[in-house]
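J.: Got a structure for you, questions after.
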Amino acid sequence: METKYTFKDFQTDQEVRWCPGCDDYVVLRAVQKALPEMGRKKEDFAFISGIGCSSRFPYYVETYGMHTIHGRATAIATGVKLANPNLSVWVATGDGDAMAIGGNHFIHLLRRNINIKIILFNNEIYGLTKGQFSPTSLIGQKTKSSPYGNTQPPFNPGELAIGSSARFFARIGGNVPKEQTDLFIEADKFKGTALIEVLQNCVIFNDGCFTHYTDKEVKDDKQIYLEHGKPMIFGKERNKGLVLKGLKLEVVTVGENGVTEADILIHDAKESDPTLHLMLARLHYPLATGIIRSVEEPTFEEREETLYNKVKETSKYKTVDDLFFAGEIYEVK
Amino acid sequence: METKYTFKDFQTDQEVRWCPGCDDYVVLRAVQKALPEMGRKKEDFAFISGIGCSSRFPYYVETYGMHTIHGRATAIATGVKLANPNLSVWVATGDGDAMAIGGNHFIHLLRRNINIKIILFNNEIYGLTKGQFSPTSLIGQKTKSSPYGNTQPPFNPGELAIGSSARFFARIGGNVPKEQTDLFIEADKFKGTALIEVLQNCVIFNDGCFTHYTDKEVKDDKQIYLEHGKPMIFGKERNKGLVLKGLKLEVVTVGENGVTEADILIHDAKESDPTLHLMLARLHYPLATGIIRSVEEPTFEEREETLYNKVKETSKYKTVDDLFFAGEIYEVK
Amino acid sequence: MITENNQAKQTRENAVLENVVIRFVGDSGDGMQLTGTQFSDTSAMFGNDVATFPNYPSEIRAPQGSLYGVSGFQVHIGSVNITSPGDSVDVLVAMNPAALKTNIDALKAGQMCIVDTDEFNKKNFEKAHYDTNPLEDGSLENYKLIQVSMTSLTREALSGMGLDNKAVTRSKNMFALGMVYFIFNRSMDHTIEFFEKKFKSKPELVEANIKVLKAGYYYAETMEIISTTYQIAPAKMRPGTYRIINGNTATAWGLLAAANNSGLELFLGSYPITPATDILHELTKHINFGIKTFQAEDEIAGITSSIGAAFAGSLAITTTSGPGLALKGEAIGLAMMMELPLVIIDVQRGGPSTGLPTKTEQSDLMQALYGRNGESPVIVIAASTPENSFDYAYEACKLALEHMTPVILLTDGYIANGSAPWKIKKTSELPSITPRIAKAGTTYNPYDRDEKTLARVLAIPGTPGMEHRIGGLEKDKKTGNISYAPENHEYMVNIRAEKVKRVQDYIPAIRSEFQEEGDLLVVGWGGTYGSLSAAVSQINNEGYKVGHMHLNHINPLPKNVAETMKKFKKIVVCELNKGQMANVLRMNFPEFQYLQYSKVQGLPFTTFELTERFKQLI
Amino acid sequence: MITENNQAKQTRENAVLENVVIRFVGDSGDGMQLTGTQFSDTSAMFGNDVATFPNYPSEIRAPQGSLYGVSGFQVHIGSVNITSPGDSVDVLVAMNPAALKTNIDALKAGQMCIVDTDEFNKKNFEKAHYDTNPLEDGSLENYKLIQVSMTSLTREALSGMGLDNKAVTRSKNMFALGMVYFIFNRSMDHTIEFFEKKFKSKPELVEANIKVLKAGYYYAETMEIISTTYQIAPAKMRPGTYRIINGNTATAWGLLAAANNSGLELFLGSYPITPATDILHELTKHINFGIKTFQAEDEIAGITSSIGAAFAGSLAITTTSGPGLALKGEAIGLAMMMELPLVIIDVQRGGPSTGLPTKTEQSDLMQALYGRNGESPVIVIAASTPENSFDYAYEACKLALEHMTPVILLTDGYIANGSAPWKIKKTSELPSITPRIAKAGTTYNPYDRDEKTLARVLAIPGTPGMEHRIGGLEKDKKTGNISYAPENHEYMVNIRAEKVKRVQDYIPAIRSEFQEEGDLLVVGWGGTYGSLSAAVSQINNEGYKVGHMHLNHINPLPKNVAETMKKFKKIVVCELNKGQMANVLRMNFPEFQYLQYSKVQGLPFTTFELTERFKQLI
Ligand SMILES: Cc1ncc(C[n+]2csc(CCOP(=O)(O)OP(=O)(O)O)c2C)c(N)n1
Ligand SMILES: Cc1ncc(C[n+]2csc(CCOP(=O)(O)OP(=O)(O)O)c2C)c(N)n1
Ligand code: SF4
Ligand code: SF4
Ligand SMILES: [Mg+2]
Ligand SMILES: [Mg+2]
């Protein structure tokens with residue numbers, strides 16, 4: 001490439017049709033800013049989505065894309081990537097699309113570790129169908145389909161994902177474009193299935209559901225932004241930290257009760273044992289954001305490629321015709 | 001009930017049609033022995049299955065049952081239980097039925113915590129369709145559909161289940177009827193979704209896949225049978241044990257290097273934090289069997305019942321007619 | 001259609017009309033749905049017959065002023081029988097340029113167009129892709145244009161109340177409604193009461209809305225811009241207690257009534273999908289009746305949980321729309337094979353695939369009949385109006401429970417969202433429902449059949465002595481055990497088909513409306529009843545001899561369909577698809593020739609296009 | 001049918017036959033499939049025409065000796081054209097009482113029944129529900145019963161080799177095969193070579209099997225139990241190189257050929273299901289050709305991953321059977337809407353629901369045509385013999401790629417598992433395939449269409465300058481962007497249908513075989529070709545004038561169907577369902593009257609039942 005792309009190169013001519021104030025706009029912009037940084041040609045991306053507000057995403061990214069059917073984005077992306085491993089394949093999906101109707105393909109994609117990036121727009125609601133509870137809605141949440149309060153305990157996407165063998169899991173607020181851009185670039189660098197959960201505010205049907213974590217005022221105190229190799233420190237004053245007490249994570253204050261920075265856990269996203277990552281994914285105070293887990297292993301397509309090379313080498317048949325004429329054939333004169 | 005049932009009361013007139021030597025026979029017998037111990041009437045059970053060798057199960061249990069379609073047993077059982085909470089509802093399902101085509105319903109049932117018992121016949125193969133790899137088959141496993149070796153990393157059912165919020169998870173060998181019977185009785189006592197993974201040998205298509213754990217010779221050394229409140233001790237000599245080193249489980253020998261029984265971890269199946277349960281579920285040496293996790297929480301149907309009572313109390317409408325005639329009505333004369 | 005009987009009263013003309021079509025259009029945020037509903041409710045209570053048609057954008061909140069963000073609500077009221085919301089419009093209320101642009105074509109020449117001039121500014125012209133100001137460029141000269149600064153007048157009316165700009169904008173729809181109430185000589189009482197109830201705890205909102213409503217009313221009365229007001233007399237309707245109801249609510253209530261009358265608990269397993277979701281919403285509100293609604297993880301779990309509930313003895317329902325029905329195919333086959341009662345409701349929308357999800361269409365008929373593997377006939381019926389959705393939902397339950405088979409009920413986006421007066425039925429007035437449930441203590445064979453209906457009997461788990469297993473494999477005709485025997489399979493395939501066929505004995509005969517014989521028989525089914533009936537009525541008024549046979553029962557068809565068709569020279573099948581019912585008739589009655597009139601635009605038929613077509617055909 | 005031209009040779013009679021049907025039956029573990037395959041391969045190599053039909057139990061390993069555990073393999077060989085495995089049997093080899101009991105009815109009176117007397121003991125009588133020994137109770141007196149202690153003789157033959165009992169039992173099928181080889185004057189060479197290859201690394205197994213084979217052969221030769229041997233001359237077949245192939249393998253290979261000739265990578269997304277799984281197995285073996293097979297988590301992921309691959313430029317395939325097709329409906333609609341090339345193969349089995357999974361049926365036709373929401377026509381074709389499954393798989397790919405649409409290929413369990421000689425086609429002999437792929441550097445509009453075919457062009461991701469988005473919502477006819485415009489929707493619905501319709505110009509005309517005009521036209525489709533052809537051939541031999549029109553192209557139908565039908569006085573549509581093709585014809589050609597002959601027993605038609613029926617109808 002001669003000239004570097006800017007985010008404008010990834011804008012389409014389509015009018016963006018989300019509700020004014022929806023966090024989806026933030027993610028779109030963050031993606032459009034991240035793509036030029038990935039050192040790939042514009043035509044080498046594919047954005048695949050299902051159905052939902054967030055699934056309109058591909059229409060707005062100037063590259064190849066498919067807006068498909070509800071819940072199947074991960075499975076369709078699987079086919080795109082396997083058929084054409086050179087593409088950088090991205091899935092845009094909602095909490096309903098990915099974890100309600102699409103739950104099966106979601107967990108199987110994570111299990112297989114295909115090099116696909118999933119942006120999960122978690123707004124804890126079905127937006128497009130105008131506000132029913134989703135598999136991440138909270139107990140007691142009042143929605144159109146739970147007028148007296150939701151009775152279904154939610155999934156924690158991080159726990160479900162790591163339980164399905166996710167090797168890359170990150171979480172990020174819906175209102176922090178800069179951090180999102182960084183995360184998307186990191187996800188692209190990761191070789192394997194990468195899941196990025198965005199805490200996306202739906203201004204219409206679930207406004208403020210993440211405010212207690214993401215509001216500018218409280219964000220630094222209520223979230224911990226994890227970085228590999230760095231101590232788990234957070235807080236406006238950057239004086240809170242996480243330590244391990246037995247099998248529990250505890251919040252301590254540096255400088256209090258003799259705690260020093262050296263006592264604080266160092267984040268190791270690359271540890272293959274998921275125990276600590278799961279504890280972080282489960283944490284409510286502070287809420288863990290950033291890259292929680294990032295463990296490279298052979299991808300499915302690499303395993304397939306290896307197998308192909310091996311079988312090709314040893315195969316008796318160079319052409320399809322060889323096969324047709326091999327073995328038990330006979331002549332009729 | 002006057003007279004107590006025996007296992008014979010739960011035998012049907014149908015010829016059992018599994019392959020000679022299949023572990024499914026063992027499980028069937030164990031279930032038939034467990035049912036009389038549950039203090040329920042024979043007609044108050046329902047066994048629901050999908051499709052697969054193991055899914056033939058309901059035909060052989062003399063109570064209510066349905067042999068349905070592939071992958072949907074958990075969803076159908078959900079309807080049975082919600083419609084009729086008095087029933088003791090059991091699902092018989094294979095690794096393919098539950099975790100391939102049925103993966104979505106499986107994780108959602110676990111999330112919702114409906115009081116249903118799932119017996120997962122994990123033989124790491126599709127039996128009924130004559131031997132394709134399943135989502136629990138190992139990398140490299142040669143099957144009809146992976147003649148050069150499987151390339152898809154497997155699920156660990158325990159990890160997937162607990163990642164989906166499973167509150168009860170147990171694992172047991174396919175060849176230990178007595179332990180199975182005990183487990184089924186315990187599962188019945190548990191209030192909530194209970195998953196019992198049976199390591200079931202398929203003599204035809206995947207013979208011996210668990211032998212290194214389940215063979216009589218090695219069983220005591222390679223498995224640890226967990227019991228709530230008891231130390232995590234195993235081994236033919238009962239001198240091996242598990243201790244926690246940081247975030248890793250380690251095997252130690254009691255009497256060596258100053259290790260005493262007091263150092264050994266005590267199994268707490270009822271701890272609501274799943275961290276240690278997940279570590280146990282992931283363990284390869286020894287393989288954890290018995291009840292790994294058993295944490296009671298309100299079931300979905302209880303939450304629904306509570307809601308119903310609340311809404312009923314406050315509702316304006318006593319009858320459907322009340323509703324029809326309420327609000328904006330008008331008379332035409 | 002306005003037929004003016006001029007009767008000058010006071011200084012203004014006051015015309016008496018038989019019926020009138022009013023369309024309110026504005027931004028999604030402009031409250032057009034509420035405005036329309038208020039007008040239609042008020043008119044219904046006044047005694048008019050009423051039909052309504054809401055039409056909203058597929059976006060949740062489209063940008064203000066945009067063309068695709070226009071939301072509309074059409075009301076057809078009359079002193080005569082009203083069967084459809086009407087095609088062309090007599091009064092158009094357009095709150096901004098985008099609304100005007102996208103709706104003006106529907107307004108009849110010479111008729112009234114009321115606009116909020118405050119919104120006709122450069123910014124909004126751009127958004128609506130207007131190059132010039134339509135109020136000034138002469139493009140509206142064929143209409144009676146009524147220009148009102150509604151926003152400013154609303155602001156004025158509210159001045160001193162300390163409300164912010166947003167509140168002002170939000171209530172200007174009441175100004176429009178007030179004006180329309182005046183124009184049609186309607187009382188404001190119903191709407192005033194409505195606000196008093198709705199904002200019980202926010203008296204300032206009650207006050208504001210009423211103020212604006214009255215301001216609009218008095219403005220129209222006072223200013224010399226309205227030259228004619230109209231009178232629409234009460235319609236002759238069957239005496240009784242009425243309410244305005246939309247199709248989805250009527251469907252939900254039909255299910256409630258069936259649960260009540262069958263003595264079973266209702267279980268709904270469903271996954272949200274437009275335009276069916278409101279049935280789930282409605283039923284969920286009423287769990288106090290001991291019904292159970294279960295929002296499942298997907299459509300397959302929706303139906304399969306219902307199958308479980310059916311086995312366990314509930315009145316089992318699943319609701320969906322086209323793509324969801326496709327996903328349920330395999331499970332419908334299972335229910336059919338196990339011969340369990342199950343009601344599947346498909347509120348059809350524009351297809352194929354995701355298609356036009358917020359638009360109407362009738363293109364799932366073949367899918368309903370054939371969308372699953374093997375020979376698997378089920379009962380298929382269709383509702384044809386918002387209000388009879390109640391009856392067909394009820395009948396679907398009755399047929400499922402009494403004949404032990406899945407029943408597919410087809411409705412569509414048009415009747416699901418449209419509304420009309422419903423003469424309320426008491427549950428005690430409805431036909432009885434007798435579920436086929438085995439009584440404890442009798443001997444039980446799961447596949448024993450009733451001699452007449454061929455329906456089997458259900459033994460509910462928990463009943464002692466009736467333990468049994470059923471499944472999706474072919475089963476022995478006697479024992480119900482798995483059977484691979486060739487003749488048994490053929491026998492069972494036949495008997496399952498025969499069971500559905502015999503439902504003919506339990507459904508009413510069909511009849512041709514307007515004419516029992518004649519030159520043309522218009523055949524329709526499902527949600528097009530209103531449009532077809534209006535068109536056939538009109539063409540008969542014009543002296544043609546045209547009948548209207550409208551099918552609600554599709555599989556099986558009523559017994560006398562052929563007999564009914566025989567009496568006409570020509571048959572035209574009109575449907576919002578490419579001819580699916582025509583093909584069903586060809587399969588069943590190949591001895592007739594079927595003309596077709598198809599429309600696949602996501603829209604209902606109009607009277608005009610229908611009558612034109614009928615005339616060509618005769 | 002044995003037409004004996006007695007020609008006594010040596011001491012024994014040696015009859016020359018035109019064709020003969022042999023059925024090998026025994027326990028699942030008795031190796032009947034191998035035995036039958038060896039016999040048919042040897043006969044084919046000798047020059048006979050051949051058709052085979054395996055029939056195994058649905059259980060994986062049923063208990064030994066049980067009735068439902070019987071496994072069979074039927075071979076029909078001839079010096080004449082053989083189109084079906086034949087109905088009734090000339091030689092029955094029954095390895096145990098259960099096998100005898102479940103198969104004896106198929107044996108023609110007076111014909112040869114060979115049994116292993118060692119297995120006729122009390123235990124096995126019980127398992128087979130025989131009250132008395134059938135070899136002694138006179139029940140077999142109408143047959144030429146040949147009693148051989150095969151197990152003992154096998155044990156003897158192997159004595160001294162140190163093999164265990166299991167090995168003895170396993171090879172006794174070779175004793176039977178040896179005998180049959182002698183009876184039909186067949187060489188043992190092919191089978192000997194087979195074992196030499198198969199057990200290359202286990203010479204003791206090679207030796208054992210050959211020993212037993214020869215023992216059987218010489219036993220038959222030596223002992224005076226075989227009074228007649230038979231000669232079946234080579235058939236007149238088109239010269240060339242042949243192999244015996246079953247339908248599933250032929251299907252898989254047709255796909256391989258299409259991938260090769262289209263220059264695209266093949267991608268198969270599939271989920272195992274009987275009887276389709278073998279296509280997945282076969283393709284997976286050949287990943288060395290650069291093809292990709294993906295065993296997905298379910299049918300939906302099977303097809304949707306293929307849709308992804310199609311978008312990415314692969315030749316995309318998904319394989320399944322009835323219940324799986326039901327699950328794929330929604331996704332087929334998506335592919336249809338996006339106008340992507342995709343081949344969906346449905347190997348039909350007995351339905352509805354799980355039905356009779358190991359049996360054959362043709363009851364997915366309507367599902368293939370209509371099993372999804374909205375107006376969503378796709379191409380539907382059907383293979384009709386094991387060997388032409390190759391051609392139709394190939395054609396399915398060609399049509400999909402050249403017309404940019406999903407294509408459903410229907411086969412069935414009968415032709416999928418049956419086998420027949422295939423004159424091998426070189427890939428270079430096949431018609432070319434030209435996928436519609438946009439070339440970099442040209443201007444690209446995703447929904448620009450070819451004038452003749454109306455097919456759009458695919459721009460493969462990775463091609464610079466052609467970035468675009470497609471989806472399941474209705475799209476603008478020009479830009480491909482989302483469009484809710486009413487007329488555009490109707491236009492797009494019509495053009496998608498028209499595109500499929502125009503495929504008529506690219507498929508061959510149909511013709512009626514045997515007679516081009518006459519009293520009766522037998523119409524069939526798909527896998528019944530062999531049975532119908534055999535029956536029509538026979539009835540014409542008997543002097544009737546009956547034609548046979550067999551449809552492989554179903555949507556669209558060939559152009560000259562009506563013309564072809566017109567030439568017959570009566571038409572009877574014969575199918576293994578309740579009349580689905582008859583209804584398709586009624587929809588398309590309502591001007592004809594269609595008689596029907598349906599069979600839904602999980603079994604193919606027999607010549608006898610067909611000819612009887614035809615005679616009744618004429
Ligand atoms: C097969 C099918 N089922 C249901 C729907 C209806 N539907 C569309 S989007 C959606 C859920 C949207 O929620 P989510 O995935 O969280 O996305 P969001 O709109 O919140 O971004 C549903 C239920 C559909 N389009 N197709
Ligand atoms: C919709 C559908 N897809 C596929 C199948 C074919 N099928 C039946 S059982 C089965 C898998 C069986 O494996 P598992 O669930 O592990 O059970 P097992 O036989 O090993 O006990 C498959 C793929 C089917 N019957 N229905
Ligand atoms: S409904 Fe919610 S999620 Fe959807 S566009 Fe609007 S704000 Fe965003
Ligand atoms: S195939 Fe395997 S799992 Fe199935 S019955 Fe036989 S041994 Fe058991
Ligand atoms: Mg959401
Ligand atoms: Mg299995």
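Just remember, in the structure tokens the first chain shown is A, the second B, etc., residues are 1-based per chain, and ligands are 1-based in the order shown.
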Return as a CSV table (one decimal) with N, CA, C and O atoms, in the first residue's frame the residues belonging to chain D that are within 6 Å of chain C, counting only C-alpha atoms.
T.:
chain,number,residue,atom,x,y,z
D,322,GLY,N,-34.1,-35.5,5.1
D,322,GLY,CA,-35.3,-34.8,5.4
D,322,GLY,C,-35.3,-33.9,6.6
D,322,GLY,O,-35.5,-32.6,6.5
D,323,PRO,N,-35.2,-34.4,7.9
D,323,PRO,CA,-35.2,-33.5,9.0
D,323,PRO,C,-34.2,-32.4,9.0
D,323,PRO,O,-34.5,-31.3,9.4
D,326,ALA,N,-35.4,-29.6,6.8
D,326,ALA,CA,-36.3,-28.8,7.5
D,326,ALA,C,-35.6,-27.7,8.2
D,326,ALA,O,-36.0,-26.5,8.3
D,327,LEU,N,-34.5,-28.1,8.9
D,327,LEU,CA,-33.7,-27.1,9.7
D,327,LEU,C,-33.0,-26.1,8.8
D,327,LEU,O,-32.7,-25.0,9.3
D,329,GLY,N,-34.2,-24.6,6.1
D,329,GLY,CA,-35.2,-23.8,5.3
D,329,GLY,C,-34.9,-22.3,5.4
D,329,GLY,O,-34.8,-21.7,4.4
D,330,GLU,N,-34.7,-21.8,6.6
D,330,GLU,CA,-34.5,-20.4,6.7
D,330,GLU,C,-33.3,-19.9,6.0
D,330,GLU,O,-33.2,-18.9,5.3
D,333,GLY,N,-33.5,-19.8,2.2
D,333,GLY,CA,-34.2,-18.5,1.9
D,333,GLY,C,-33.2,-17.4,1.8
D,333,GLY,O,-33.2,-16.5,0.9
D,334,LEU,N,-32.2,-17.4,2.7
D,334,LEU,CA,-31.2,-16.3,2.7
D,334,LEU,C,-30.3,-16.4,1.5
D,334,LEU,O,-30.1,-15.4,0.8
D,351,GLY,N,-40.2,-40.6,6.1
D,351,GLY,CA,-40.7,-39.6,7.1
D,351,GLY,C,-42.1,-39.9,7.5
D,351,GLY,O,-42.6,-40.9,7.1
D,352,PRO,N,-42.8,-39.0,8.2
D,352,PRO,CA,-42.4,-37.7,8.7
D,352,PRO,C,-41.6,-37.8,9.9
D,352,PRO,O,-41.4,-38.9,10.5
D,353,SER,N,-41.1,-36.7,10.4
D,353,SER,CA,-40.3,-36.6,11.6
D,353,SER,C,-39.1,-37.6,11.5
D,353,SER,O,-38.6,-37.8,10.4
D,354,THR,N,-38.7,-38.3,12.6
D,354,THR,CA,-37.6,-39.2,12.5
D,354,THR,C,-38.0,-40.4,11.6
D,354,THR,O,-37.1,-40.9,10.9
D,355,GLY,N,-39.3,-40.7,11.6
D,355,GLY,CA,-39.8,-41.6,10.6
D,355,GLY,C,-39.1,-43.0,10.5
D,355,GLY,O,-39.1,-43.7,11.5
D,363,SER,N,-40.6,-38.3,-0.1
D,363,SER,CA,-41.6,-37.4,0.5
D,363,SER,C,-41.1,-36.0,0.9
D,363,SER,O,-41.8,-35.3,1.6
D,364,ASP,N,-39.9,-35.6,0.4
D,364,ASP,CA,-39.4,-34.3,0.6
D,364,ASP,C,-39.6,-33.4,-0.6
D,364,ASP,O,-39.0,-32.3,-0.6
D,366,MET,N,-42.2,-31.6,-1.8
D,366,MET,CA,-42.9,-30.3,-1.5
D,366,MET,C,-42.0,-29.5,-0.5
D,366,MET,O,-41.9,-28.3,-0.7
D,367,GLN,N,-41.4,-30.1,0.4
D,367,GLN,CA,-40.5,-29.4,1.3
D,367,GLN,C,-39.4,-28.7,0.5
D,367,GLN,O,-39.0,-27.6,0.7
D,370,TYR,N,-41.0,-25.8,-1.3
D,370,TYR,CA,-41.7,-24.7,-0.5
D,370,TYR,C,-41.3,-24.6,0.9
D,370,TYR,O,-42.0,-23.8,1.6
D,371,GLY,N,-40.3,-25.3,1.4
D,371,GLY,CA,-40.1,-25.3,2.8
D,371,GLY,C,-39.4,-24.1,3.4
D,371,GLY,O,-38.4,-24.3,4.1
D,372,ARG,N,-39.8,-22.9,3.0
D,372,ARG,CA,-39.2,-21.7,3.6
D,372,ARG,C,-40.2,-20.6,3.4
D,372,ARG,O,-41.1,-20.6,2.6
D,373,ASN,N,-39.9,-19.5,4.2
D,373,ASN,CA,-40.9,-18.4,4.2
D,373,ASN,C,-40.8,-17.5,2.9
D,373,ASN,O,-39.7,-17.4,2.3
D,374,GLY,N,-41.9,-16.9,2.6
D,374,GLY,CA,-41.9,-16.0,1.5
D,374,GLY,C,-41.8,-16.7,0.1
D,374,GLY,O,-41.8,-17.9,0.0
D,375,GLU,N,-41.8,-15.8,-0.9
D,375,GLU,CA,-41.7,-16.4,-2.3
D,375,GLU,C,-40.3,-16.6,-2.6
D,375,GLU,O,-39.5,-15.7,-2.8
D,376,SER,N,-39.9,-17.9,-2.5
D,376,SER,CA,-38.5,-18.2,-2.6
D,376,SER,C,-38.2,-19.4,-3.5
D,376,SER,O,-37.7,-20.4,-3.0
D,472,GLY,N,-30.2,-10.2,3.8
D,472,GLY,CA,-31.5,-10.8,3.7
D,472,GLY,C,-32.7,-9.9,3.6
D,472,GLY,O,-33.8,-10.4,3.3
D,473,LEU,N,-32.5,-8.6,3.8
D,473,LEU,CA,-33.6,-7.7,3.6
D,473,LEU,C,-33.8,-7.4,2.1
D,473,LEU,O,-32.8,-7.6,1.3
D,474,GLU,N,-34.9,-7.0,1.7
D,474,GLU,CA,-35.2,-6.7,0.3
D,474,GLU,C,-34.2,-5.6,-0.2
D,474,GLU,O,-33.9,-4.7,0.6
D,486,PRO,N,-42.3,-0.4,-2.4
D,486,PRO,CA,-43.3,-1.5,-2.7
D,486,PRO,C,-43.1,-2.0,-4.1
D,486,PRO,O,-43.0,-3.2,-4.3
D,487,GLU,N,-42.9,-1.2,-5.1
D,487,GLU,CA,-42.8,-1.7,-6.5
D,487,GLU,C,-41.5,-2.4,-6.7
D,487,GLU,O,-41.4,-3.4,-7.4
D,489,HIS,N,-40.0,-4.2,-4.5
D,489,HIS,CA,-40.1,-5.5,-3.9
D,489,HIS,C,-40.8,-6.4,-4.9
D,489,HIS,O,-40.3,-7.5,-5.1
D,490,GLU,N,-41.9,-6.0,-5.5
D,490,GLU,CA,-42.6,-6.8,-6.4
D,490,GLU,C,-41.7,-7.2,-7.6
D,490,GLU,O,-41.6,-8.3,-8.1
D,583,ASN,N,-49.3,-33.4,-7.6
D,583,ASN,CA,-49.7,-32.1,-7.3
D,583,ASN,C,-48.9,-31.0,-8.0
D,583,ASN,O,-49.4,-30.0,-8.4
D,586,ARG,N,-50.2,-30.8,-11.3
D,586,ARG,CA,-51.6,-30.1,-11.3
D,586,ARG,C,-51.4,-28.6,-11.3
D,586,ARG,O,-52.1,-27.9,-11.9
D,587,MET,N,-50.4,-28.2,-10.5
D,587,MET,CA,-50.2,-26.7,-10.4
D,587,MET,C,-49.7,-26.2,-11.8
D,587,MET,O,-50.1,-25.1,-12.2
D,590,PRO,N,-52.6,-27.7,-15.2
D,590,PRO,CA,-53.9,-28.1,-14.7
D,590,PRO,C,-54.8,-28.7,-15.8
D,590,PRO,O,-55.9,-29.3,-15.5
D,600,VAL,N,-46.0,-45.9,0.2
D,600,VAL,CA,-45.3,-45.2,1.3
D,600,VAL,C,-45.0,-46.3,2.4
D,600,VAL,O,-45.6,-46.4,3.4
D,601,GLN,N,-44.1,-47.2,2.0
D,601,GLN,CA,-43.8,-48.3,2.9
D,601,GLN,C,-42.3,-48.4,3.2
D,601,GLN,O,-41.8,-49.3,3.8
J.: Taking the DSSP assignment computed from this structure's backbone, write out as a ChimeraX atom specification all residues of region 96-156 of chain B that belong to alpha helix (DSSP H).
T.: /B:96-99,103-112
J.: Determine, for each residue of chain D having at least one atom at most 6 Å from an atom of chain B, the closest pair of atoms and their separation in Å to one decimal, counting only C-alpha atoms; order by chain and ascending number, as a tab-separated table.
T.:
residue	atom	partner	partner_atom	distance
D:Arg61	CA	B:Cys19	CA	4.8
D:His281	CA	B:Ser145	CA	5.1
D:Glu297	CA	B:Ala100	CA	4.6
D:Asp298	CA	B:Ile101	CA	4.5
J.: How would the residues just picked look written out with N, CA, C and O atoms as a PDB file, in the first residue's frame?
T.:
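Everything below was put into selection01.pdb:
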ATOM      1  N   ARG D  61     -25.615 -52.661  16.397  1.00  0.00           N
ATOM      2  CA  ARG D  61     -25.330 -54.092  16.508  1.00  0.00           C
ATOM      3  C   ARG D  61     -26.494 -54.717  17.245  1.00  0.00           C
ATOM      4  O   ARG D  61     -26.530 -54.693  18.473  1.00  0.00           O
ATOM      5  N   HIS D 281     -18.341 -38.434   4.371  1.00  0.00           N
ATOM      6  CA  HIS D 281     -17.208 -39.350   4.570  1.00  0.00           C
ATOM      7  C   HIS D 281     -16.338 -39.398   3.316  1.00  0.00           C
ATOM      8  O   HIS D 281     -15.118 -39.299   3.384  1.00  0.00           O
ATOM      9  N   GLU D 297     -21.623 -28.029  13.787  1.00  0.00           N
ATOM     10  CA  GLU D 297     -22.270 -28.402  15.043  1.00  0.00           C
ATOM     11  C   GLU D 297     -23.732 -28.784  14.837  1.00  0.00           C
ATOM     12  O   GLU D 297     -24.325 -29.419  15.711  1.00  0.00           O
ATOM     13  N   ASP D 298     -24.322 -28.394  13.726  1.00  0.00           N
ATOM     14  CA  ASP D 298     -25.703 -28.764  13.425  1.00  0.00           C
ATOM     15  C   ASP D 298     -25.989 -28.454  11.963  1.00  0.00           C
ATOM     16  O   ASP D 298     -25.109 -27.945  11.251  1.00  0.00           O
TER      17      ASP D 298
END
